[in-house]
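Containing compact mmCIF, C-alpha atoms: input.txt.
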```
# COMPACT_ATOMS: atom_id res chain seq x y z
CA MET A 298 0.62 -32.00 10.51
CA ALA A 299 -2.20 -29.75 9.35
CA ASN A 300 -5.66 -30.44 10.67
CA PHE A 301 -7.14 -32.45 7.80
CA GLN A 302 -7.27 -36.01 6.60
CA PRO A 303 -5.05 -36.48 3.54
CA ASP A 304 -6.78 -38.27 0.67
CA ILE A 305 -4.29 -41.14 0.50
CA LEU A 306 -4.51 -41.86 4.25
CA ARG A 307 -8.27 -42.36 4.47
CA GLY A 308 -9.15 -45.52 6.31
CA LEU A 309 -5.86 -45.76 8.21
CA SER A 310 -5.73 -45.62 11.99
CA ASP A 311 -3.99 -42.61 13.55
CA GLU A 312 -1.01 -44.78 14.34
CA GLU A 313 -0.80 -46.19 10.81
CA ALA A 314 -1.17 -42.72 9.31
CA ALA A 315 1.55 -41.32 11.58
CA ARG A 316 3.93 -44.15 10.64
CA PHE A 317 3.26 -43.56 6.96
CA MET A 318 3.73 -39.80 7.28
CA ALA A 319 7.08 -40.43 8.99
CA LEU A 320 8.32 -41.87 5.67
CA GLY A 321 7.95 -38.47 4.03
CA VAL A 322 10.52 -35.76 3.55
CA PRO A 323 9.28 -32.19 4.14
CA THR A 324 9.61 -29.98 1.07
CA SER A 325 9.13 -26.22 0.97
CA LEU A 326 8.44 -24.46 -2.31
CA PRO A 327 8.71 -20.67 -2.54
CA SER A 328 6.11 -18.89 -4.64
CA GLY A 329 6.63 -19.47 -8.36
CA HIS A 330 8.96 -22.41 -7.95
CA THR A 331 8.61 -25.68 -9.84
CA LEU A 332 7.97 -28.99 -8.11
CA PHE A 333 8.39 -31.09 -11.25
CA ARG A 334 8.28 -30.80 -15.01
CA LEU A 335 6.41 -32.78 -17.63
CA GLY A 336 8.52 -35.68 -18.89
CA ALA A 337 10.86 -35.74 -15.90
CA GLU A 338 11.59 -39.01 -14.14
CA ALA A 339 9.22 -39.46 -11.20
CA ASP A 340 10.61 -41.17 -8.12
CA ARG A 341 8.31 -39.72 -5.49
CA ALA A 342 4.76 -38.59 -4.84
CA TYR A 343 3.79 -35.59 -2.75
CA LEU A 344 1.14 -34.63 -0.28
CA VAL A 345 0.23 -30.94 -0.09
CA LEU A 346 0.30 -29.67 3.49
CA ARG A 347 0.02 -25.91 2.97
CA GLY A 348 -0.43 -23.58 0.02
CA ARG A 349 -1.38 -25.07 -3.32
CA ILE A 350 0.15 -26.66 -6.38
CA ALA A 351 -0.84 -25.70 -9.92
CA LEU A 352 -0.76 -28.42 -12.55
CA THR A 353 -0.27 -27.11 -16.06
CA LEU A 354 0.06 -28.40 -19.59
CA PRO A 355 1.80 -26.70 -22.53
CA ILE A 356 -0.28 -25.09 -25.23
CA GLN A 357 0.78 -23.29 -28.40
CA LEU A 358 -0.51 -19.74 -28.65
CA ARG A 359 0.58 -17.86 -31.78
CA GLY A 360 3.56 -20.17 -32.07
CA VAL A 361 4.68 -19.58 -28.50
CA GLU A 362 4.42 -22.28 -25.87
CA GLU A 363 2.42 -21.24 -22.81
CA ASP A 364 1.45 -23.20 -19.72
CA VAL A 365 -2.27 -23.56 -19.14
CA LEU A 366 -3.63 -24.37 -15.71
CA VAL A 367 -5.59 -27.60 -15.75
CA GLU A 368 -5.91 -28.42 -12.07
CA GLU A 369 -4.95 -27.14 -8.63
CA LYS A 370 -4.09 -29.33 -5.67
CA MET A 371 -5.02 -28.13 -2.20
CA PRO A 372 -3.86 -29.18 1.29
CA GLY A 373 -4.64 -32.83 1.92
CA GLU A 374 -4.45 -33.76 -1.75
CA THR A 375 -1.86 -35.95 -3.45
CA VAL A 376 0.19 -34.68 -6.36
CA GLY A 377 2.71 -36.49 -8.52
CA TRP A 378 1.35 -40.00 -8.21
CA SER A 379 3.37 -40.83 -11.33
CA GLY A 380 6.15 -41.39 -8.80
CA LEU A 381 4.32 -44.51 -7.66
CA VAL A 382 2.81 -45.65 -10.96
CA PRO A 383 4.75 -46.92 -13.99
CA PRO A 384 6.23 -45.66 -16.26
CA HIS A 385 7.31 -43.21 -13.54
CA ARG A 386 7.30 -40.07 -15.69
CA PHE A 387 5.51 -36.87 -14.78
CA THR A 388 2.82 -36.00 -17.32
CA LEU A 389 2.15 -32.44 -16.14
CA ASN A 390 4.11 -29.46 -14.89
CA ALA A 391 3.66 -28.66 -11.19
CA THR A 392 4.45 -25.26 -9.71
CA ALA A 393 3.60 -23.42 -6.52
CA PRO A 394 1.65 -20.22 -7.23
CA ILE A 395 2.09 -19.33 -3.56
CA ALA A 396 4.60 -20.48 -0.96
CA SER A 397 3.71 -24.10 -0.25
CA GLU A 398 4.72 -26.97 1.96
CA LEU A 399 4.58 -30.60 0.95
CA VAL A 400 5.78 -33.99 2.05
CA GLY A 401 7.56 -36.11 -0.52
CA PHE A 402 7.30 -39.91 -0.37
CA SER A 403 9.98 -41.79 -2.26
CA ARG A 404 8.81 -44.83 -4.18
CA ALA A 405 11.39 -47.07 -2.54
CA ALA A 406 10.37 -46.06 0.97
CA VAL A 407 6.66 -46.46 0.21
CA LEU A 408 7.08 -49.90 -1.39
CA ASP A 409 9.25 -51.12 1.48
CA HIS A 410 6.61 -49.91 3.92
CA PHE A 411 3.88 -51.67 1.97
CA THR A 412 5.87 -54.89 2.08
CA ALA A 413 6.24 -54.63 5.84
CA HIS A 414 2.63 -53.51 6.37
CA PRO A 415 0.43 -55.08 3.66
CA GLY A 416 -2.77 -53.77 5.25
CA VAL A 417 -1.52 -50.19 5.00
CA GLY A 418 -0.37 -50.90 1.45
CA HIS A 419 -3.84 -52.14 0.51
CA THR A 420 -5.60 -49.10 1.98
CA VAL A 421 -3.18 -46.51 0.56
CA THR A 422 -3.18 -48.18 -2.86
CA ARG A 423 -6.98 -48.18 -2.87
CA ASN A 424 -6.98 -44.48 -1.98
CA LEU A 425 -4.43 -43.80 -4.71
CA ALA A 426 -6.60 -45.69 -7.19
CA THR A 427 -9.51 -43.44 -6.20
CA VAL A 428 -7.41 -40.32 -6.88
CA ILE A 429 -6.19 -41.66 -10.22
CA GLY A 430 -9.60 -42.97 -11.20
CA HIS A 431 -11.21 -39.60 -10.51
CA ARG A 432 -8.62 -37.82 -12.65
CA LEU A 433 -9.25 -40.34 -15.42
CA GLN A 434 -13.02 -39.91 -15.28
CA VAL A 435 -12.86 -36.11 -15.22
CA PHE A 436 -10.44 -35.88 -18.12
CA GLN A 437 -12.28 -38.56 -20.07
CA THR A 438 -15.46 -36.52 -19.72
CA MET A 439 -13.68 -33.30 -20.68
CA TRP A 440 -12.17 -35.03 -23.70
CA LEU A 441 -15.56 -36.35 -24.79
CA ARG A 442 -17.14 -32.89 -24.48
CA GLU A 443 -14.35 -31.38 -26.60
CA MET A 444 -14.68 -34.23 -29.09
CA GLN A 445 -18.41 -33.59 -29.41
CA ARG A 446 -17.75 -29.92 -30.12
CA ALA A 447 -15.07 -30.78 -32.68
CA VAL A 448 -17.53 -33.12 -34.41
CA ASP A 449 -20.27 -30.48 -34.30
CA HIS A 450 -17.86 -27.92 -35.73
CA ARG A 451 -16.60 -30.24 -38.48
CA TYR A 452 -19.89 -31.69 -39.62
CA ALA A 453 -22.33 -28.90 -38.81
CA MET B 4 35.58 -36.88 -96.61
CA VAL B 5 38.21 -35.94 -94.04
CA MET B 6 35.98 -33.16 -92.72
CA PHE B 7 33.03 -35.58 -92.44
CA ALA B 8 35.17 -38.09 -90.54
CA THR B 9 36.43 -35.34 -88.21
CA ILE B 10 32.90 -34.18 -87.39
CA LEU B 11 31.77 -37.78 -86.82
CA ILE B 12 34.68 -38.51 -84.47
CA MET B 13 34.15 -35.25 -82.55
CA SER B 14 30.42 -36.03 -82.18
CA LEU B 15 31.12 -39.56 -80.90
CA LEU B 16 33.72 -38.14 -78.51
CA ALA B 17 31.20 -35.58 -77.17
CA VAL B 18 28.56 -38.28 -76.66
CA ALA B 19 31.08 -40.45 -74.82
CA VAL B 20 32.13 -37.58 -72.55
CA CYS B 21 28.47 -36.79 -71.77
CA ALA B 22 27.74 -40.45 -70.96
CA VAL B 23 30.73 -40.69 -68.60
CA ALA B 24 29.76 -37.41 -66.89
CA PHE B 25 26.13 -38.54 -66.46
CA GLY B 26 27.21 -41.88 -65.02
CA ALA B 27 29.54 -40.21 -62.54
CA ALA B 28 26.84 -37.74 -61.45
CA THR B 29 24.16 -40.34 -60.82
CA ARG B 30 26.28 -43.11 -59.30
CA GLY B 31 26.20 -41.62 -55.77
CA GLU B 32 22.40 -41.33 -55.71
CA ALA B 33 21.59 -44.99 -56.08
CA PRO B 34 20.16 -46.41 -52.84
CA ARG B 35 22.53 -48.84 -51.19
CA PRO B 36 20.91 -52.03 -49.99
CA GLY B 37 20.68 -52.41 -46.23
CA ILE B 38 20.94 -48.70 -45.47
CA GLN B 39 17.63 -46.96 -44.94
CA PRO B 40 17.40 -43.19 -44.95
CA GLU B 41 16.84 -41.78 -41.45
CA ARG B 42 13.14 -41.48 -40.65
CA ARG B 43 12.26 -38.43 -38.64
CA LEU B 44 9.12 -38.38 -36.55
CA VAL B 45 7.50 -35.00 -36.87
CA LEU B 46 5.18 -34.24 -33.97
CA GLU B 47 2.64 -31.52 -34.07
CA PRO B 48 2.86 -29.06 -31.20
CA PRO B 49 0.67 -30.06 -28.24
CA ARG B 50 -2.85 -28.71 -28.46
CA PHE B 51 -4.45 -29.67 -25.19
CA PHE B 52 -7.95 -28.35 -24.72
CA VAL B 53 -7.82 -26.29 -27.87
CA SER B 54 -11.23 -26.33 -29.45
CA PRO B 55 -11.75 -24.85 -32.93
CA ALA B 56 -13.12 -21.75 -31.20
CA ALA B 57 -9.98 -21.45 -29.09
CA ALA B 58 -7.77 -21.91 -32.12
CA LYS B 59 -9.69 -19.16 -33.92
CA ALA B 60 -9.40 -16.90 -30.88
CA ALA B 61 -5.65 -17.50 -30.72
CA GLU B 62 -5.33 -16.25 -34.29
CA ALA B 63 -7.33 -13.12 -33.57
CA PRO B 64 -5.03 -10.14 -34.02
CA GLY B 65 -4.79 -7.55 -31.28
CA VAL B 66 -5.93 -9.83 -28.45
CA PRO B 67 -3.18 -10.03 -25.80
CA VAL B 68 -1.82 -13.50 -25.11
CA GLU B 69 -2.54 -12.99 -21.40
CA MET B 70 -6.23 -12.53 -22.20
CA LEU B 71 -6.27 -15.62 -24.37
CA LEU B 72 -4.61 -17.63 -21.61
CA SER B 73 -7.11 -16.31 -19.09
CA GLU B 74 -10.00 -17.31 -21.34
CA ILE B 75 -8.56 -20.77 -21.92
CA GLU B 76 -8.04 -21.32 -18.20
CA ARG B 77 -11.57 -20.17 -17.45
CA HIS B 78 -12.77 -22.56 -20.13
CA VAL B 79 -10.82 -25.42 -18.52
CA ARG B 80 -12.25 -24.61 -15.06
CA LEU B 81 -15.79 -24.52 -16.40
CA GLU B 82 -15.28 -27.72 -18.34
CA GLN B 83 -13.81 -29.42 -15.28
CA ALA B 84 -16.77 -28.30 -13.20
CA ALA B 85 -19.14 -29.59 -15.88
CA ALA B 86 -17.28 -32.91 -15.94
CA GLU B 87 -17.49 -33.17 -12.14
CA ALA B 88 -21.21 -32.44 -12.30
CA TYR B 89 -21.63 -35.15 -14.92
CA LEU B 90 -19.73 -37.66 -12.77
CA ASP B 91 -21.92 -36.81 -9.76
CA LEU B 92 -25.05 -37.60 -11.76
CA PRO B 93 -24.26 -39.10 -15.16
CA THR B 94 -26.92 -38.41 -17.76
CA ARG B 95 -26.79 -37.85 -21.51
CA ASP B 96 -27.90 -34.25 -21.02
CA SER B 97 -25.35 -33.40 -18.35
CA LEU B 98 -22.55 -34.96 -20.42
CA HIS B 99 -22.95 -32.28 -23.08
CA SER B 100 -24.33 -29.46 -20.95
CA ARG B 101 -23.37 -25.99 -22.10
CA THR B 102 -21.21 -23.69 -20.02
CA GLU B 103 -20.58 -19.96 -19.99
CA SER B 104 -17.11 -20.54 -21.43
CA PRO B 105 -15.84 -17.37 -23.14
CA LEU B 106 -14.54 -19.53 -25.95
CA PHE B 107 -18.07 -20.26 -27.10
CA HIS B 108 -19.66 -16.85 -26.70
```

Turn the structure described in the file into structure tokens.
Amino acid sequence: MANFQPDILRGLSDEEAARFMALGVPTSLPSGHTLFRLGAEADRAYLVLRGRIALTLPIQLRGVEEDVLVEEKMPGETVGWSGLVPPHRFTLNATAPIASELVGFSRAAVLDHFTAHPGVGHTVTRNLATVIGHRLQVFQTMWLREMQRAVDHRYA
Amino acid sequence: MVMFATILIMSLLAVAVCAVAFGAATRGEAPRPGIQPERRLVLEPPRFFVSPAAAKAAEAPGVPVEMLLSEIERHVRLEQAAAEAYLDLPTRDSLHSRTESPLFH
């Protein structure tokens, strides 16, 4: 494992973290390949080990749909938490702009592990809530800033 | 008298034919109870992070799409950084702080 503390494993002992990581399935993505697409069923979450993952959303430019980068996930960061959170549908596109390595955690394996180790489940879930909460706060702020500009533009 | 009767009968016959034809043409259009016409949900294309300035820029002729995409992505990065700064120290001023986004200059 790379020399960093993954965001979802904060607060776990080395042994607990190693047991959790053992649930994962290594995944290699060549440069330019897609990890998942917006709207697809999500049955697993990923941890970036090497490289990076670009999260994009579609935008219409002159009637043509283009993908706009909205966030990049670096080593140690979780991507695709929709795999663990209902309604289990990805809400962004994820691609690897460079060759990347990840570990995929299936929902079934994670939930079984949480049942067997409630303490680990509590810590990982709290970490996941932090990741999700941060995304929510950032995008809420971005939305409010855009809304303010739209209001200024409309009623100036 | 015979001519008048002939014209009258022909006129009545023409009216009757027109009435039958009209009835046949409109019978199929009457809404049948219990069957609702199919309602189609028309969604507008997604417009994430498209401010009025960005929309105007996208319509600008001669500007390559790659440049527009680059400007939009720079805008998103700057906005994300501004949002992160706001979350670090939330104030009314930092919430609406201005950036160097190319979409507003």

Which of A:Ile305, A:Val361, A:Leu335, A:Ala426 sits closest to Thr375 of chain A [using all atoms listed in the file]: A:Ile305

Polymer residues at most 10 Å from segment 339-346 of chain A, all atoms listed in the file, same-chain spacing of 5 or more positions, as a PyMOL selection string: chain A and resi 298-301+303-305+318+321-325+332-334+370-388+397-407

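The nearest approach to Gly416 of chain A among the residues A:Leu309, A:Ala391, A:Ala351, A:Val367, with all atoms listed in the file taken into account, belongs to A:Leu309.
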
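You will find atom CA of Ala314 of chain A at 14.6 Å from atom CA of Arg423 of chain A.
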
Coordinates-based distance that separates atom CA of Asp311 of chain A from atom CA of Ala393 of chain A (Å, one decimal): 28.8 Å

Contact set, chain A to chain B: 10 Å, all atoms listed in the file, as an NGL selection string: :A and (353-368 or 431 or 434-447 or 450-451)

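Going from atom CA of Asn390 of chain A to atom CA of Pro327 of chain A covers 15.8 Å.
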